[in-house]
Amino acid sequence: MAGTWSVVRCPACRNCHGIRGQPRQCPHCGQSLPSTTPILATAETSAQLRIEVALANTPEELRDELRKKLEKMDEPLIASSSSSPRAIYAAIQKAVGADLILRREDVQSVLEKLGSELLVDDLLEKMELDGTLVRQRDGTWLLLE
């Protein structure tokens with residue numbers, strides 16, 4: 001089970017995220033997580049983890065429809081004529097700090113540097129649906145590893 005990811009919900013902020021091993025600290029609010037934090041789901045791959053985290057953070061009545069859509073998608077990002085999805089994702093990973101917080105202007109800067117024709121809001125929405133990003137209340141996004 002060493003390669004398995006777990007999805008847990010922070011009891012303080014109620015946001016779900018993926019972990020390996022024992023829960024330590026919530027990446028959303030910074031609260032310490034008790035060792036008794038229940039595991040909501042498990043995943044063997046990062047692609048499965050993105051889906052499970054996105055579903056856990058989605059209202060229950062929308063989960064079945066979202067699961068169907070997410071499982072149909074092969075690529076975590078939109079294909080672009082000017083930049084590959086992998087290049088965009090790698091550039092976004094470099095743009096975030098150690099806190100993994102992404103701002104709209106960070107994405108705009110990445111797309112401009114790559115000469116991509118994608119719209120910032122379209123990319124952010126796609127990455128949210130893919131479970132690559134989680135929108136936070138303060139207008140930023142958390143990049144899931």
# chains A, B, ... in the order shown; residues from 1 in each chain; ligands from 1
$ select_by_dssp --residues "chain A" --states "strand (DSSP E)" --output "JSON, numbers by chain"
{"A": [5, 6, 7, 8, 9, 16, 17, 18, 19, 39, 40, 41, 42, 43, 101, 102, 133, 134, 135, 141, 142, 143]}
$ select_by_dssp --residues "region 6-77 of chain A" --states "helix (DSSP H, G or I)" --output "list in words"
Ser46, Ala47, Gln48, Leu49, Arg50, Ile51, Glu52, Val53, Ala54, Leu55, Ala56, Glu60, Glu61, Leu62, Arg63, Asp64, Glu65, Leu66, Arg67, Lys68, Lys69, Leu70, Glu71 and Lys72 of chain A
$ atom_distance --atom1 "CA of Ala91 (chain A)" --atom2 "CA of Leu114 (chain A)"
8.6 Å
$ residues_around --residues "Pro38 (chain A)" --least-positions-apart "6" --cutoff "10 Å" --atoms "only C-alpha atoms" --output "NGL selection string"
:A and (6-11 or 23)
$ write_last_selection --atoms "N, CA and C atoms" --output "mmCIF file, in the first residue's frame"
data_model
loop_
_atom_site.group_PDB
_atom_site.id
_atom_site.type_symbol
_atom_site.label_atom_id
_atom_site.label_comp_id
_atom_site.auth_asym_id
_atom_site.auth_seq_id
_atom_site.Cartn_x
_atom_site.Cartn_y
_atom_site.Cartn_z
ATOM 1 N N SER A 6 -4.304 8.321 -0.709
ATOM 2 C CA SER A 6 -5.560 8.368 0.026
ATOM 3 C C SER A 6 -6.156 9.757 -0.110
ATOM 4 N N VAL A 7 -7.482 9.814 -0.128
ATOM 5 C CA VAL A 7 -8.196 11.090 -0.167
ATOM 6 C C VAL A 7 -8.810 11.302 1.210
ATOM 7 N N VAL A 8 -8.489 12.430 1.833
ATOM 8 C CA VAL A 8 -9.016 12.753 3.167
ATOM 9 C C VAL A 8 -9.670 14.136 3.140
ATOM 10 N N ARG A 9 -10.585 14.361 4.087
ATOM 11 C CA ARG A 9 -11.248 15.663 4.221
ATOM 12 C C ARG A 9 -10.771 16.303 5.517
ATOM 13 N N CYS A 10 -10.316 17.535 5.414
ATOM 14 C CA CYS A 10 -9.875 18.279 6.590
ATOM 15 C C CYS A 10 -11.096 18.587 7.460
ATOM 16 N N PRO A 11 -11.060 18.248 8.741
ATOM 17 C CA PRO A 11 -12.206 18.554 9.596
ATOM 18 C C PRO A 11 -12.387 20.055 9.841
ATOM 19 N N PRO A 23 -1.946 11.306 7.542
ATOM 20 C CA PRO A 23 -2.269 12.727 7.377
ATOM 21 C C PRO A 23 -1.469 13.577 8.356
#
$ residues_around --residues "region 128-141 of chain A" --least-positions-apart "3" --cutoff "7 Å" --atoms "only C-alpha atoms" --output "list in words"
Arg50, Ile51, Val53, Ala54, Leu70, Pro76, Ile101, Leu102, Arg103, Leu124, Glu125 and Leu144 of chain A
$ write_last_selection --atoms "N, CA and C atoms" --output "PDB file, in the first residue's frame"
ATOM      1  N   ARG A  50      -6.630  12.481  -9.008  1.00  0.00           N
ATOM      2  CA  ARG A  50      -7.276  13.720  -9.449  1.00  0.00           C
ATOM      3  C   ARG A  50      -8.787  13.556  -9.518  1.00  0.00           C
ATOM      4  N   ILE A  51      -9.228  12.428 -10.045  1.00  0.00           N
ATOM      5  CA  ILE A  51     -10.666  12.178 -10.155  1.00  0.00           C
ATOM      6  C   ILE A  51     -11.293  12.058  -8.770  1.00  0.00           C
ATOM      7  N   VAL A  53     -10.249  13.182  -5.826  1.00  0.00           N
ATOM      8  CA  VAL A  53     -10.240  14.451  -5.089  1.00  0.00           C
ATOM      9  C   VAL A  53     -11.314  15.384  -5.646  1.00  0.00           C
ATOM     10  N   ALA A  54     -11.404  15.468  -6.965  1.00  0.00           N
ATOM     11  CA  ALA A  54     -12.427  16.324  -7.570  1.00  0.00           C
ATOM     12  C   ALA A  54     -13.822  15.871  -7.153  1.00  0.00           C
ATOM     13  N   LEU A  70     -15.229  12.814 -16.154  1.00  0.00           N
ATOM     14  CA  LEU A  70     -13.794  12.756 -15.856  1.00  0.00           C
ATOM     15  C   LEU A  70     -13.167  11.466 -16.363  1.00  0.00           C
ATOM     16  N   PRO A  76      -5.238  15.376 -19.077  1.00  0.00           N
ATOM     17  CA  PRO A  76      -5.627  16.274 -18.002  1.00  0.00           C
ATOM     18  C   PRO A  76      -5.759  17.730 -18.425  1.00  0.00           C
ATOM     19  N   ILE A 101       0.146  27.240  -4.555  1.00  0.00           N
ATOM     20  CA  ILE A 101      -0.966  28.152  -4.804  1.00  0.00           C
ATOM     21  C   ILE A 101      -0.774  28.799  -6.173  1.00  0.00           C
ATOM     22  N   LEU A 102      -1.827  28.786  -6.977  1.00  0.00           N
ATOM     23  CA  LEU A 102      -1.804  29.338  -8.322  1.00  0.00           C
ATOM     24  C   LEU A 102      -2.786  30.500  -8.402  1.00  0.00           C
ATOM     25  N   ARG A 103      -2.362  31.565  -9.016  1.00  0.00           N
ATOM     26  CA  ARG A 103      -3.205  32.740  -9.206  1.00  0.00           C
ATOM     27  C   ARG A 103      -3.508  32.897 -10.691  1.00  0.00           C
ATOM     28  N   LEU A 124      -8.242  27.190 -16.647  1.00  0.00           N
ATOM     29  CA  LEU A 124      -8.503  26.986 -15.219  1.00  0.00           C
ATOM     30  C   LEU A 124      -9.722  26.101 -15.004  1.00  0.00           C
ATOM     31  N   GLU A 125     -10.768  26.333 -15.774  1.00  0.00           N
ATOM     32  CA  GLU A 125     -11.981  25.527 -15.650  1.00  0.00           C
ATOM     33  C   GLU A 125     -11.704  24.068 -16.009  1.00  0.00           C
ATOM     34  N   LEU A 144      -2.741  20.322  -7.440  1.00  0.00           N
ATOM     35  CA  LEU A 144      -2.571  18.996  -6.844  1.00  0.00           C
ATOM     36  C   LEU A 144      -1.396  18.303  -7.523  1.00  0.00           C
TER      37      LEU A 144
END
$ atom_distance --atom1 "CA of Leu66 (chain A)" --atom2 "CA of Thr45 (chain A)"
18.6 Å
$ closest_residue --among "A:Gly18, A:Glu105, A:Ala90, A:Thr36" --to "Glu52 (chain A)" --atoms "only C-alpha atoms"
A:Gly18
$ closest_residue --among "A:Ile88, A:Leu118, A:Asp99, A:Leu111" --to "Cys26 (chain A)" --atoms "only C-alpha atoms"
A:Asp99
$ atom_distance --atom1 "CA of Ile92 (chain A)" --atom2 "CA of Val107 (chain A)"
6.7 Å
$ residues_around --residues "Ala43 (chain A)" --least-positions-apart "5" --cutoff "7 Å" --atoms "only C-alpha atoms" --output "PyMOL selection string"
chain A and resi 4-6+48-49
$ residues_around --residues "Cys29 (chain A)" --least-positions-apart "5" --cutoff "9 Å" --atoms "only C-alpha atoms" --output "PyMOL selection string"
chain A and resi 10+12-13+15
$ closest_residue --among "A:Thr42, A:Asp64, A:Gly21, A:Ser84" --to "Gly115 (chain A)" --atoms "only C-alpha atoms"
A:Ser84
$ closest_residue --among "A:Leu123, A:Leu40, A:Ala98, A:Leu143" --to "Asn57 (chain A)" --atoms "only C-alpha atoms"
A:Leu40
